[in-house]
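What follows is the content of input38.pdb, which has PDB, C-alpha atoms:
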ATOM      1  CA  MET A   1     -24.466   4.114 -13.011
ATOM      2  CA  THR A   2     -24.692   4.963  -9.325
ATOM      3  CA  ASN A   3     -24.329   2.077  -6.901
ATOM      4  CA  HIS A   4     -26.955   2.523  -4.190
ATOM      5  CA  THR A   5     -25.082   0.476  -1.574
ATOM      6  CA  ASP A   6     -26.630   0.734   1.887
ATOM      7  CA  THR A   7     -24.274   3.112   3.733
ATOM      8  CA  THR A   8     -25.191   1.524   7.074
ATOM      9  CA  ARG A   9     -23.507  -1.747   6.042
ATOM     10  CA  ILE A  10     -20.008  -0.417   5.298
ATOM     11  CA  ALA A  11     -17.469   0.025   8.086
ATOM     12  CA  ASN A  12     -15.424   3.211   7.710
ATOM     13  CA  ALA A  13     -12.119   4.090   9.355
ATOM     14  CA  LEU A  14     -12.290   6.667  12.157
ATOM     15  CA  THR A  15      -8.892   8.181  12.930
ATOM     16  CA  ILE A  16      -7.596  10.701  15.467
ATOM     17  CA  ASP A  17      -4.212  12.401  14.969
ATOM     18  CA  VAL A  18      -2.989  12.926  18.535
ATOM     19  CA  GLU A  19      -1.049  16.187  18.539
ATOM     20  CA  ASP A  20      -1.439  19.504  20.349
ATOM     21  CA  TYR A  21      -2.490  22.829  18.848
ATOM     22  CA  PHE A  22       1.022  24.312  18.945
ATOM     23  CA  GLN A  23       2.462  21.435  16.876
ATOM     24  CA  VAL A  24       0.325  22.088  13.802
ATOM     25  CA  ALA A  25       2.130  23.081  10.603
ATOM     26  CA  ALA A  26      -0.291  25.985  10.035
ATOM     27  CA  LEU A  27       0.914  27.592  13.282
ATOM     28  CA  ALA A  28       4.628  26.873  12.828
ATOM     29  CA  GLU A  29       5.270  30.519  11.942
ATOM     30  CA  ALA A  30       4.317  31.481  15.516
ATOM     31  CA  VAL A  31       5.805  28.612  17.546
ATOM     32  CA  ASP A  32       9.398  27.464  17.448
ATOM     33  CA  ARG A  33       9.977  23.744  17.958
ATOM     34  CA  ASP A  34      12.259  24.562  20.901
ATOM     35  CA  ASP A  35       9.371  26.350  22.655
ATOM     36  CA  TRP A  36       6.960  23.402  22.701
ATOM     37  CA  HIS A  37       7.729  22.536  26.307
ATOM     38  CA  SER A  38       6.741  26.028  27.438
ATOM     39  CA  MET A  39       3.344  26.062  25.689
ATOM     40  CA  GLU A  40       0.042  25.417  27.461
ATOM     41  CA  TYR A  41      -0.461  21.668  27.163
ATOM     42  CA  ARG A  42      -4.035  20.731  26.230
ATOM     43  CA  VAL A  43      -3.841  17.473  24.283
ATOM     44  CA  GLU A  44      -4.534  15.215  27.283
ATOM     45  CA  ALA A  45      -7.852  16.848  28.201
ATOM     46  CA  ASN A  46      -8.945  17.116  24.569
ATOM     47  CA  THR A  47      -8.106  13.486  23.806
ATOM     48  CA  HIS A  48     -10.057  12.349  26.854
ATOM     49  CA  ARG A  49     -12.964  14.445  25.593
ATOM     50  CA  LEU A  50     -12.888  12.469  22.353
ATOM     51  CA  LEU A  51     -12.524   9.163  24.202
ATOM     52  CA  GLU A  52     -15.688   9.944  26.179
ATOM     53  CA  LEU A  53     -17.587  10.776  22.986
ATOM     54  CA  LEU A  54     -16.441   7.556  21.313
ATOM     55  CA  ASP A  55     -17.397   5.563  24.375
ATOM     56  CA  ARG A  56     -20.934   6.974  24.255
ATOM     57  CA  HIS A  57     -21.201   5.841  20.649
ATOM     58  CA  ARG A  58     -19.474   2.498  21.306
ATOM     59  CA  THR A  59     -17.094   3.382  18.491
ATOM     60  CA  ARG A  60     -13.583   2.061  18.011
ATOM     61  CA  ALA A  61     -10.988   4.304  16.331
ATOM     62  CA  THR A  62      -7.327   4.491  15.398
ATOM     63  CA  PHE A  63      -5.237   7.025  17.316
ATOM     64  CA  PHE A  64      -2.178   8.077  15.312
ATOM     65  CA  THR A  65      -0.098   9.279  18.235
ATOM     66  CA  LEU A  66       2.836  11.664  18.032
ATOM     67  CA  GLY A  67       5.950  10.268  19.684
ATOM     68  CA  TRP A  68       6.612  13.588  21.412
ATOM     69  CA  VAL A  69       3.164  13.437  23.027
ATOM     70  CA  ALA A  70       3.517   9.753  23.953
ATOM     71  CA  GLU A  71       6.859  10.430  25.603
ATOM     72  CA  LYS A  72       5.363  13.274  27.646
ATOM     73  CA  SER A  73       2.061  11.516  28.389
ATOM     74  CA  PRO A  74       2.513   7.731  28.452
ATOM     75  CA  GLN A  75      -0.642   7.325  30.558
ATOM     76  CA  LEU A  76      -2.657   8.976  27.789
ATOM     77  CA  VAL A  77      -1.490   6.263  25.387
ATOM     78  CA  ARG A  78      -2.461   3.609  27.949
ATOM     79  CA  ASP A  79      -5.881   5.240  28.339
ATOM     80  CA  ILE A  80      -6.386   5.047  24.564
ATOM     81  CA  GLN A  81      -5.311   1.419  24.551
ATOM     82  CA  ASN A  82      -7.349   0.488  27.616
ATOM     83  CA  ALA A  83     -10.466   1.967  26.001
ATOM     84  CA  GLY A  84     -10.099  -0.621  23.222
ATOM     85  CA  HIS A  85      -8.757   1.622  20.468
ATOM     86  CA  GLU A  86      -5.973   0.997  17.965
ATOM     87  CA  VAL A  87      -2.669   2.811  18.545
ATOM     88  CA  ALA A  88      -0.572   3.779  15.510
ATOM     89  CA  SER A  89       2.349   6.107  14.869
ATOM     90  CA  HIS A  90       2.218   9.748  13.799
ATOM     91  CA  GLY A  91       5.998  10.101  13.779
ATOM     92  CA  TYR A  92       7.933  11.851  16.521
ATOM     93  CA  SER A  93       8.186  15.620  16.024
ATOM     94  CA  HIS A  94       5.464  16.478  13.470
ATOM     95  CA  GLN A  95       7.940  17.814  10.947
ATOM     96  CA  LEU A  96       7.179  17.747   7.222
ATOM     97  CA  ILE A  97       8.929  14.683   5.822
ATOM     98  CA  TYR A  98      10.085  16.370   2.615
ATOM     99  CA  ASN A  99      11.952  18.888   4.788
ATOM    100  CA  GLN A 100      13.837  16.053   6.522
ATOM    101  CA  THR A 101      16.710  13.914   5.319
ATOM    102  CA  PRO A 102      16.064  10.176   5.020
ATOM    103  CA  GLU A 103      18.463   9.650   7.933
ATOM    104  CA  VAL A 104      16.566  12.022  10.240
ATOM    105  CA  PHE A 105      13.228  10.561   9.171
ATOM    106  CA  ARG A 106      14.410   7.028   9.870
ATOM    107  CA  GLU A 107      15.724   7.976  13.321
ATOM    108  CA  GLU A 108      12.506   9.779  14.292
ATOM    109  CA  THR A 109      10.294   7.009  12.902
ATOM    110  CA  ARG A 110      12.217   4.332  14.776
ATOM    111  CA  ARG A 111      12.189   6.414  17.975
ATOM    112  CA  SER A 112       8.436   7.020  17.897
ATOM    113  CA  LYS A 113       7.669   3.376  17.121
ATOM    114  CA  GLN A 114       9.818   2.237  20.048
ATOM    115  CA  ILE A 115       8.200   4.707  22.468
ATOM    116  CA  LEU A 116       4.702   3.511  21.556
ATOM    117  CA  GLU A 117       5.673  -0.169  21.689
ATOM    118  CA  ASP A 118       7.301   0.275  25.102
ATOM    119  CA  ILE A 119       4.099   1.868  26.424
ATOM    120  CA  THR A 120       1.570  -0.497  24.841
ATOM    121  CA  GLY A 121       3.599  -3.694  24.923
ATOM    122  CA  GLU A 122       2.394  -4.392  21.376
ATOM    123  CA  PRO A 123       3.823  -4.048  17.854
ATOM    124  CA  ILE A 124       3.007  -0.745  16.158
ATOM    125  CA  THR A 125       2.429  -1.487  12.482
ATOM    126  CA  GLY A 126       0.429   1.514  11.207
ATOM    127  CA  TYR A 127       1.693   4.987  10.324
ATOM    128  CA  ARG A 128       0.467   8.428   9.264
ATOM    129  CA  ALA A 129       2.840  11.230   8.269
ATOM    130  CA  ALA A 130       2.651  14.711   9.746
ATOM    131  CA  SER A 131       0.453  16.849   7.477
ATOM    132  CA  TYR A 132       0.249  13.932   4.980
ATOM    133  CA  SER A 133       3.753  14.886   3.854
ATOM    134  CA  ILE A 134       4.556  11.716   1.939
ATOM    135  CA  THR A 135       4.523  13.203  -1.559
ATOM    136  CA  ASN A 136       6.272  12.469  -4.837
ATOM    137  CA  GLN A 137       9.196  14.414  -3.354
ATOM    138  CA  SER A 138       9.369  12.100  -0.331
ATOM    139  CA  ARG A 139       8.309   8.702  -1.702
ATOM    140  CA  TRP A 140      11.541   7.336  -0.226
ATOM    141  CA  ALA A 141       9.784   7.475   3.176
ATOM    142  CA  LEU A 142       7.628   4.496   2.175
ATOM    143  CA  ASP A 143      10.722   2.309   1.847
ATOM    144  CA  ILE A 144      11.887   3.377   5.306
ATOM    145  CA  LEU A 145       8.484   2.608   6.816
ATOM    146  CA  ALA A 146       8.616  -0.934   5.421
ATOM    147  CA  GLU A 147      12.195  -1.402   6.557
ATOM    148  CA  GLU A 148      11.281  -0.246  10.079
ATOM    149  CA  GLY A 149       8.488  -2.814  10.408
ATOM    150  CA  PHE A 150       5.335  -0.940   9.376
ATOM    151  CA  VAL A 151       2.854  -2.885   7.258
ATOM    152  CA  TRP A 152       0.235  -0.219   6.577
ATOM    153  CA  ASP A 153       0.086   3.520   6.032
ATOM    154  CA  SER A 154      -2.445   6.338   5.723
ATOM    155  CA  SER A 155      -0.364   9.309   4.583
ATOM    156  CA  ILE A 156      -1.178   9.780   0.905
ATOM    157  CA  PHE A 157      -3.747  12.397  -0.081
ATOM    158  CA  PRO A 158      -4.594  12.034  -3.807
ATOM    159  CA  VAL A 159      -5.141  15.784  -4.310
ATOM    160  CA  HIS A 160      -3.332  18.987  -5.265
ATOM    161  CA  HIS A 161      -2.485  21.050  -2.159
ATOM    162  CA  ASP A 162       0.119  23.615  -1.151
ATOM    163  CA  ARG A 163       1.500  21.400   1.634
ATOM    164  CA  TYR A 164       0.772  17.796   0.640
ATOM    165  CA  GLY A 165      -0.770  15.592  -2.001
ATOM    166  CA  MET A 166      -0.017  12.945  -4.626
ATOM    167  CA  PRO A 167      -2.570  13.673  -7.358
ATOM    168  CA  GLY A 168      -3.436  10.802  -9.633
ATOM    169  CA  THR A 169      -2.778   8.068  -7.059
ATOM    170  CA  PRO A 170      -5.537   5.553  -6.204
ATOM    171  CA  ARG A 171      -8.454   6.902  -4.172
ATOM    172  CA  TRP A 172      -9.444   3.624  -2.504
ATOM    173  CA  PRO A 173      -7.572   1.372  -0.040
ATOM    174  CA  HIS A 174      -5.005  -0.713  -1.912
ATOM    175  CA  ARG A 175      -1.620  -2.388  -1.727
ATOM    176  CA  LEU A 176       1.233  -0.269  -3.035
ATOM    177  CA  THR A 177       4.740  -1.225  -4.080
ATOM    178  CA  THR A 178       7.532   1.068  -2.910
ATOM    179  CA  ASP A 179      10.528   2.092  -5.004
ATOM    180  CA  LYS A 180      12.539  -0.756  -3.419
ATOM    181  CA  ASP A 181       9.736  -3.278  -4.111
ATOM    182  CA  TYR A 182       8.391  -3.523  -0.574
ATOM    183  CA  GLU A 183       4.622  -3.773  -0.173
ATOM    184  CA  LEU A 184       2.442  -1.728   2.151
ATOM    185  CA  ALA A 185      -1.312  -1.531   2.576
ATOM    186  CA  GLU A 186      -2.310   2.087   1.916
ATOM    187  CA  PHE A 187      -5.535   3.773   3.014
ATOM    188  CA  PRO A 188      -5.455   7.134   1.188
ATOM    189  CA  LEU A 189      -7.328  10.092   2.600
ATOM    190  CA  SER A 190     -10.834  10.249   1.201
ATOM    191  CA  THR A 191     -11.778  12.486  -1.691
ATOM    192  CA  LEU A 192     -14.820  13.394  -3.737
ATOM    193  CA  LYS A 193     -14.489  13.213  -7.510
ATOM    194  CA  LEU A 194     -16.045  16.261  -9.161
ATOM    195  CA  PRO A 195     -15.910  17.261 -12.847
ATOM    196  CA  GLY A 196     -12.306  18.293 -13.430
ATOM    197  CA  TYR A 197     -11.408  18.352  -9.721
ATOM    198  CA  THR A 198     -10.706  16.006  -6.810
ATOM    199  CA  LEU A 199     -12.011  17.510  -3.559
ATOM    200  CA  PRO A 200     -10.714  16.510  -0.107
ATOM    201  CA  ILE A 201     -13.603  15.287   2.055
ATOM    202  CA  ALA A 202     -11.813  13.250   4.751
ATOM    203  CA  GLY A 203     -12.317  15.489   7.789
ATOM    204  CA  GLY A 204     -10.197  17.954   9.729
ATOM    205  CA  GLY A 205     -10.331  21.501   8.409
ATOM    206  CA  TYR A 206     -12.558  20.415   5.535
ATOM    207  CA  PHE A 207     -15.109  19.070   8.005
ATOM    208  CA  ARG A 208     -15.110  22.416   9.792
ATOM    209  CA  LEU A 209     -15.204  24.460   6.569
ATOM    210  CA  PHE A 210     -17.876  22.623   4.581
ATOM    211  CA  PRO A 211     -21.535  22.688   5.710
ATOM    212  CA  TYR A 212     -22.321  19.531   7.659
ATOM    213  CA  TRP A 213     -24.857  18.347   5.067
ATOM    214  CA  PHE A 214     -22.165  18.499   2.369
ATOM    215  CA  SER A 215     -19.663  16.440   4.385
ATOM    216  CA  ARG A 216     -22.342  13.866   5.142
ATOM    217  CA  TRP A 217     -23.400  13.716   1.494
ATOM    218  CA  GLY A 218     -19.811  13.527   0.208
ATOM    219  CA  LEU A 219     -18.771  10.788   2.614
ATOM    220  CA  GLY A 220     -22.007   8.933   1.962
ATOM    221  CA  SER A 221     -21.342   9.025  -1.763
ATOM    222  CA  ILE A 222     -18.166   6.999  -1.168
ATOM    223  CA  ASN A 223     -20.152   4.342   0.709
ATOM    224  CA  ARG A 224     -22.773   4.364  -2.037
ATOM    225  CA  GLN A 225     -19.984   3.374  -4.423
ATOM    226  CA  GLY A 226     -19.350   0.377  -2.186
ATOM    227  CA  GLN A 227     -16.130   1.782  -0.710
ATOM    228  CA  PRO A 228     -15.133   2.650   2.880
ATOM    229  CA  PHE A 229     -13.948   6.171   3.655
ATOM    230  CA  VAL A 230     -11.452   7.403   6.206
ATOM    231  CA  PHE A 231     -12.322  10.270   8.510
ATOM    232  CA  TYR A 232      -9.733  12.134  10.564
ATOM    233  CA  LEU A 233      -9.803  14.730  13.327
ATOM    234  CA  HIS A 234      -7.373  16.217  15.862
ATOM    235  CA  PRO A 235      -7.993  16.657  19.601
ATOM    236  CA  TRP A 236      -7.439  20.425  19.296
ATOM    237  CA  GLU A 237     -10.392  20.619  16.873
ATOM    238  CA  VAL A 238     -12.858  20.093  19.735
ATOM    239  CA  ASP A 239     -11.169  22.802  21.832
ATOM    240  CA  PRO A 240     -12.540  26.277  21.026
ATOM    241  CA  GLY A 241     -10.905  27.619  24.205
ATOM    242  CA  GLN A 242      -7.342  27.000  23.021
ATOM    243  CA  PRO A 243      -4.913  29.970  22.942
ATOM    244  CA  ARG A 244      -5.097  32.125  19.807
ATOM    245  CA  LEU A 245      -1.657  32.504  18.261
ATOM    246  CA  ASP A 246      -0.598  35.440  16.099
ATOM    247  CA  VAL A 247      -0.334  34.027  12.582
ATOM    248  CA  LYS A 248      -1.221  35.171   9.064
ATOM    249  CA  TRP A 249      -4.901  35.380   8.231
ATOM    250  CA  PHE A 250      -4.985  32.251   6.074
ATOM    251  CA  SER A 251      -3.278  30.103   8.718
ATOM    252  CA  ARG A 252      -5.621  31.595  11.304
ATOM    253  CA  PHE A 253      -8.629  30.692   9.158
ATOM    254  CA  ARG A 254      -7.377  27.148   8.539
ATOM    255  CA  HIS A 255      -6.816  26.452  12.196
ATOM    256  CA  TYR A 256      -9.563  28.306  14.099
ATOM    257  CA  ASN A 257     -12.526  28.158  11.707
ATOM    258  CA  ASN A 258     -15.641  26.594  13.331
ATOM    259  CA  LEU A 259     -13.860  25.028  16.312
ATOM    260  CA  GLU A 260     -16.908  25.793  18.437
ATOM    261  CA  ILE A 261     -19.188  23.463  16.417
ATOM    262  CA  CYS A 262     -16.780  20.663  15.492
ATOM    263  CA  GLU A 263     -17.573  18.361  18.414
ATOM    264  CA  GLN A 264     -21.314  18.669  17.783
ATOM    265  CA  ARG A 265     -20.763  17.802  14.108
ATOM    266  CA  LEU A 266     -18.633  14.797  15.047
ATOM    267  CA  ASP A 267     -21.372  13.604  17.399
ATOM    268  CA  GLN A 268     -23.816  13.745  14.487
ATOM    269  CA  LEU A 269     -21.438  11.979  12.118
ATOM    270  CA  LEU A 270     -20.922   9.099  14.549
ATOM    271  CA  GLY A 271     -24.669   8.559  14.453
ATOM    272  CA  HIS A 272     -24.893   8.610  10.666
ATOM    273  CA  PHE A 273     -22.177   6.134   9.647
ATOM    274  CA  ARG A 274     -20.545   2.922  10.845
ATOM    275  CA  PHE A 275     -16.988   3.305  12.079
ATOM    276  CA  THR A 276     -14.170   1.169  13.381
ATOM    277  CA  ALA A 277     -10.374   1.251  13.528
ATOM    278  CA  MET A 278      -8.379   1.495  10.323
ATOM    279  CA  GLY A 279      -6.645  -1.848  10.801
ATOM    280  CA  ASP A 280     -10.045  -3.526  11.045
ATOM    281  CA  VAL A 281     -11.165  -1.974   7.754
ATOM    282  CA  LEU A 282      -7.957  -2.979   5.995
ATOM    283  CA  ARG A 283      -8.422  -6.562   7.196
ATOM    284  CA  ASP A 284     -12.031  -6.519   6.008
ATOM    285  CA  GLN A 285     -10.751  -5.299   2.615
ATOM    286  CA  GLN A 286      -8.285  -8.255   2.609
ATOM    287  CA  LEU A 287      -5.368  -5.820   2.431
ATOM    288  CA  LEU A 288      -3.872  -7.094   5.692
ATOM    289  CA  ASP A 289      -3.430 -10.678   6.773
ATOM    290  CA  LYS A 290      -6.217 -11.856   9.030
ATOM    291  CA  ASP A 291      -3.600 -12.944  11.548
ATOM    292  CA  GLN A 292      -2.072  -9.438  11.633
ATOM    293  CA  PRO A 293      -2.886  -8.502  15.252
ATOM    294  CA  ALA A 294      -5.115  -5.553  16.021
ATOM    295  CA  THR A 295      -3.230  -3.038  18.147
ATOM    296  CA  THR A 296      -5.345  -2.798  21.253
ATOM    297  CA  GLY A 297      -4.840  -3.887  24.818
ATOM    298  CA  HIS A 298      -8.319  -5.176  25.548
ATOM    299  CA  ASP A 299     -11.262  -6.824  23.878
ATOM    300  CA  LYS A 300     -12.539  -4.992  20.844
ATOM    301  CA  MET A 301     -15.638  -2.949  21.373
ATOM    302  CA  GLU A 302     -18.515  -3.720  19.072
ATOM    303  CA  LEU A 303     -18.600  -2.069  15.674
ATOM    304  CA  SER A 304     -20.626   1.095  15.900
ATOM    305  CA  SER A 305     -23.915   1.243  14.053
ATOM    306  CA  PRO A 306     -25.737   4.396  13.010
ATOM    307  CA  CYS A 307     -28.831   5.342  14.915
TER     308      CYS A 307
END
Produce structure tokens that represent the structure in this file.
Amino acid sequence: MTNHTDTTRIANALTIDVEDYFQVAALAEAVDRDDWHSMEYRVEANTHRLLELLDRHRTRATFFTLGWVAEKSPQLVRDIQNAGHEVASHGYSHQLIYNQTPEVFREETRRSKQILEDITGEPITGYRAASYSITNQSRWALDILAEEGFVWDSSIFPVHHDRYGMPGTPRWPHRLTTDKDYELAEFPLSTLKLPGYTLPIAGGGYFRLFPYWFSRWGLGSINRQGQPFVFYLHPWEVDPGQPRLDVKWFSRFRHYNNLEICEQRLDQLLGHFRFTAMGDVLRDQQLLDKDQPATTGHDKMELSSPC
């Protein structure tokens, strides 16, 4: 039986993965990691564009910030914090975890956490892996996150995909036990259950690919089941003027499809649902201790309400 929960009463997690266009896995074939410093740098302007949009909607979000970006642009991290948003870690170099050794992953995770804590002056307790690359092959990363002081994660996508995914794992926010018996609060990326198939519906390229009405309906169906959803976007997704890199047609489609309408769609979405930071939702779901501090430098902004 369908639960007709009022979607305006549920607070959903709005998340921004702060990385630049040239750091995306889909474009890795065209950009060597050693060339990042020579690329046109656009993440500051695009992140400020999103901050202005969120301010107009009085909406608080979580910014999963890449350590490489934070190191290059510490003022950007302060601007995010000063606007009342939650700062969390997106790792350091945006490399796929299952292509790293545990030792390299630990070093990069620790480095990124320290950079963000030095800038914000606050503990960084939330994490999201580059390209959701915590999979069955890299479950060991969850133990390292717990050992390095993280208490919550949003890296697991319960779908089949060529680059990520842990099919069959829980679809709703929950507490998971790692292989070494640590506990983490996990907010998996949102999906839509169809007959015989689990469809990603959490944002990003899916938000640009699907018609807007379908994304709104799919996300709303999660709220109608009485559950919060997580929505994610990247600053480069509101930047149709970014350089076009020479990559294979499928990577080109994944990255550049509908960039010119993404910001308009996000503006609509912010008016249709209630959003706040991920840590707030996890506390509301009683998956984090109430005394676990929210990572923000100033008073929380009010929870956004749909128009």
* To do: Provide the CA of Ala130 in chain A to CA of Asn82 in chain A distance in Å, to one decimal place.
  =>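 CA of Ala130 in chain A sits 24.9 Å away from CA of Asn82 in chain A.
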Check which residues satisfy the PyMOL selection byres ((chain A and resi 241-257) around 12) in the file shown, then give them as a count of residues only.
38
Next item on the list: Write out as a PyMOL selection string each polymer residue whose atoms come within 7 Å of Leu66 in chain A, counting only C-alpha atoms; drop sequence neighbours fewer than 2 positions from it.
Entry: chain A and resi 18-19+64+68-70+89-93
What do you get, as an mmCIF file with C-alpha atoms, in the coordinates of the input, if you spell out every residue that the PyMOL selection byres ((chain A and resi 157) around 12) selects here?
data_model
loop_
_atom_site.group_PDB
_atom_site.id
_atom_site.type_symbol
_atom_site.label_atom_id
_atom_site.label_comp_id
_atom_site.auth_asym_id
_atom_site.auth_seq_id
_atom_site.Cartn_x
_atom_site.Cartn_y
_atom_site.Cartn_z
ATOM 1 C CA ARG A 128 0.467 8.428 9.264
ATOM 2 C CA ALA A 129 2.840 11.230 8.269
ATOM 3 C CA ALA A 130 2.651 14.711 9.746
ATOM 4 C CA SER A 131 0.453 16.849 7.477
ATOM 5 C CA TYR A 132 0.249 13.932 4.980
ATOM 6 C CA SER A 133 3.753 14.886 3.854
ATOM 7 C CA ILE A 134 4.556 11.716 1.939
ATOM 8 C CA THR A 135 4.523 13.203 -1.559
ATOM 9 C CA ASN A 136 6.272 12.469 -4.837
ATOM 10 C CA ASP A 153 0.086 3.520 6.032
ATOM 11 C CA SER A 154 -2.445 6.338 5.723
ATOM 12 C CA SER A 155 -0.364 9.309 4.583
ATOM 13 C CA ILE A 156 -1.178 9.780 0.905
ATOM 14 C CA PRO A 158 -4.594 12.034 -3.807
ATOM 15 C CA VAL A 159 -5.141 15.784 -4.310
ATOM 16 C CA HIS A 160 -3.332 18.987 -5.265
ATOM 17 C CA HIS A 161 -2.485 21.050 -2.159
ATOM 18 C CA ASP A 162 0.119 23.615 -1.151
ATOM 19 C CA ARG A 163 1.500 21.400 1.634
ATOM 20 C CA TYR A 164 0.772 17.796 0.640
ATOM 21 C CA GLY A 165 -0.770 15.592 -2.001
ATOM 22 C CA MET A 166 -0.017 12.945 -4.626
ATOM 23 C CA PRO A 167 -2.570 13.673 -7.358
ATOM 24 C CA GLY A 168 -3.436 10.802 -9.633
ATOM 25 C CA THR A 169 -2.778 8.068 -7.059
ATOM 26 C CA PRO A 170 -5.537 5.553 -6.204
ATOM 27 C CA ARG A 171 -8.454 6.902 -4.172
ATOM 28 C CA TRP A 172 -9.444 3.624 -2.504
ATOM 29 C CA PRO A 173 -7.572 1.372 -0.040
ATOM 30 C CA GLU A 186 -2.310 2.087 1.916
ATOM 31 C CA PHE A 187 -5.535 3.773 3.014
ATOM 32 C CA PRO A 188 -5.455 7.134 1.188
ATOM 33 C CA LEU A 189 -7.328 10.092 2.600
ATOM 34 C CA SER A 190 -10.834 10.249 1.201
ATOM 35 C CA THR A 191 -11.778 12.486 -1.691
ATOM 36 C CA LEU A 192 -14.820 13.394 -3.737
ATOM 37 C CA THR A 198 -10.706 16.006 -6.810
ATOM 38 C CA LEU A 199 -12.011 17.510 -3.559
ATOM 39 C CA PRO A 200 -10.714 16.510 -0.107
ATOM 40 C CA ILE A 201 -13.603 15.287 2.055
ATOM 41 C CA ALA A 202 -11.813 13.250 4.751
ATOM 42 C CA VAL A 230 -11.452 7.403 6.206
#
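The two atoms in question, CA of Trp36 in chain A and CA of Arg110 in chain A, are spaced 21.3 Å apart.
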Write out as an mmCIF file with C-alpha atoms, in the frame of the given file which residues come within 12 Å of range 139-143 of chain A when counting only C-alpha atoms, dropping same-chain ones fewer than 5 positions away.
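Written output follows (around06.cif):
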data_model
loop_
_atom_site.group_PDB
_atom_site.id
_atom_site.type_symbol
_atom_site.label_atom_id
_atom_site.label_comp_id
_atom_site.auth_asym_id
_atom_site.auth_seq_id
_atom_site.Cartn_x
_atom_site.Cartn_y
_atom_site.Cartn_z
ATOM 1 C CA GLY A 91 5.998 10.101 13.779
ATOM 2 C CA LEU A 96 7.179 17.747 7.222
ATOM 3 C CA ILE A 97 8.929 14.683 5.822
ATOM 4 C CA TYR A 98 10.085 16.370 2.615
ATOM 5 C CA ASN A 99 11.952 18.888 4.788
ATOM 6 C CA GLN A 100 13.837 16.053 6.522
ATOM 7 C CA THR A 101 16.710 13.914 5.319
ATOM 8 C CA PRO A 102 16.064 10.176 5.020
ATOM 9 C CA GLU A 103 18.463 9.650 7.933
ATOM 10 C CA VAL A 104 16.566 12.022 10.240
ATOM 11 C CA PHE A 105 13.228 10.561 9.171
ATOM 12 C CA ARG A 106 14.410 7.028 9.870
ATOM 13 C CA GLU A 107 15.724 7.976 13.321
ATOM 14 C CA GLU A 108 12.506 9.779 14.292
ATOM 15 C CA THR A 109 10.294 7.009 12.902
ATOM 16 C CA GLY A 126 0.429 1.514 11.207
ATOM 17 C CA TYR A 127 1.693 4.987 10.324
ATOM 18 C CA ARG A 128 0.467 8.428 9.264
ATOM 19 C CA ALA A 129 2.840 11.230 8.269
ATOM 20 C CA TYR A 132 0.249 13.932 4.980
ATOM 21 C CA SER A 133 3.753 14.886 3.854
ATOM 22 C CA ILE A 134 4.556 11.716 1.939
ATOM 23 C CA GLU A 148 11.281 -0.246 10.079
ATOM 24 C CA GLY A 149 8.488 -2.814 10.408
ATOM 25 C CA PHE A 150 5.335 -0.940 9.376
ATOM 26 C CA VAL A 151 2.854 -2.885 7.258
ATOM 27 C CA TRP A 152 0.235 -0.219 6.577
ATOM 28 C CA ASP A 153 0.086 3.520 6.032
ATOM 29 C CA SER A 154 -2.445 6.338 5.723
ATOM 30 C CA SER A 155 -0.364 9.309 4.583
ATOM 31 C CA ILE A 156 -1.178 9.780 0.905
ATOM 32 C CA GLY A 165 -0.770 15.592 -2.001
ATOM 33 C CA MET A 166 -0.017 12.945 -4.626
ATOM 34 C CA LEU A 176 1.233 -0.269 -3.035
ATOM 35 C CA THR A 177 4.740 -1.225 -4.080
ATOM 36 C CA THR A 178 7.532 1.068 -2.910
ATOM 37 C CA ASP A 179 10.528 2.092 -5.004
ATOM 38 C CA LYS A 180 12.539 -0.756 -3.419
ATOM 39 C CA ASP A 181 9.736 -3.278 -4.111
ATOM 40 C CA TYR A 182 8.391 -3.523 -0.574
ATOM 41 C CA GLU A 183 4.622 -3.773 -0.173
ATOM 42 C CA LEU A 184 2.442 -1.728 2.151
ATOM 43 C CA ALA A 185 -1.312 -1.531 2.576
ATOM 44 C CA GLU A 186 -2.310 2.087 1.916
#
Q | Separation of CA of Gly203 in chain A from CA of Pro123 in chain A in Å | A |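 One can read the CA of Pro123 in chain A to CA of Gly203 in chain A distance as 27.3 Å.
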- Kindly resolve the PyMOL selection byres ((chain A and resi 117) around 12) on the present coordinates and return the residues as a ChimeraX atom specification. /A:65,67,70-71,74,77-78,81,87-89,110-116,118-126,149,295-297
Would you save the residues of that selection, restricted to C-alpha atoms, as a tab-separated table (two decimals), in the frame of the given file?
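Heads up, here's the output in result-v6.tsv:
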chain	number	residue	atom	x	y	z
A	65	THR	CA	-0.10	9.28	18.24
A	67	GLY	CA	5.95	10.27	19.68
A	70	ALA	CA	3.52	9.75	23.95
A	71	GLU	CA	6.86	10.43	25.60
A	74	PRO	CA	2.51	7.73	28.45
A	77	VAL	CA	-1.49	6.26	25.39
A	78	ARG	CA	-2.46	3.61	27.95
A	81	GLN	CA	-5.31	1.42	24.55
A	87	VAL	CA	-2.67	2.81	18.55
A	88	ALA	CA	-0.57	3.78	15.51
A	89	SER	CA	2.35	6.11	14.87
A	110	ARG	CA	12.22	4.33	14.78
A	111	ARG	CA	12.19	6.41	17.98
A	112	SER	CA	8.44	7.02	17.90
A	113	LYS	CA	7.67	3.38	17.12
A	114	GLN	CA	9.82	2.24	20.05
A	115	ILE	CA	8.20	4.71	22.47
A	116	LEU	CA	4.70	3.51	21.56
A	118	ASP	CA	7.30	0.28	25.10
A	119	ILE	CA	4.10	1.87	26.42
A	120	THR	CA	1.57	-0.50	24.84
A	121	GLY	CA	3.60	-3.69	24.92
A	122	GLU	CA	2.39	-4.39	21.38
A	123	PRO	CA	3.82	-4.05	17.85
A	124	ILE	CA	3.01	-0.74	16.16
A	125	THR	CA	2.43	-1.49	12.48
A	126	GLY	CA	0.43	1.51	11.21
A	149	GLY	CA	8.49	-2.81	10.41
A	295	THR	CA	-3.23	-3.04	18.15
A	296	THR	CA	-5.34	-2.80	21.25
A	297	GLY	CA	-4.84	-3.89	24.82
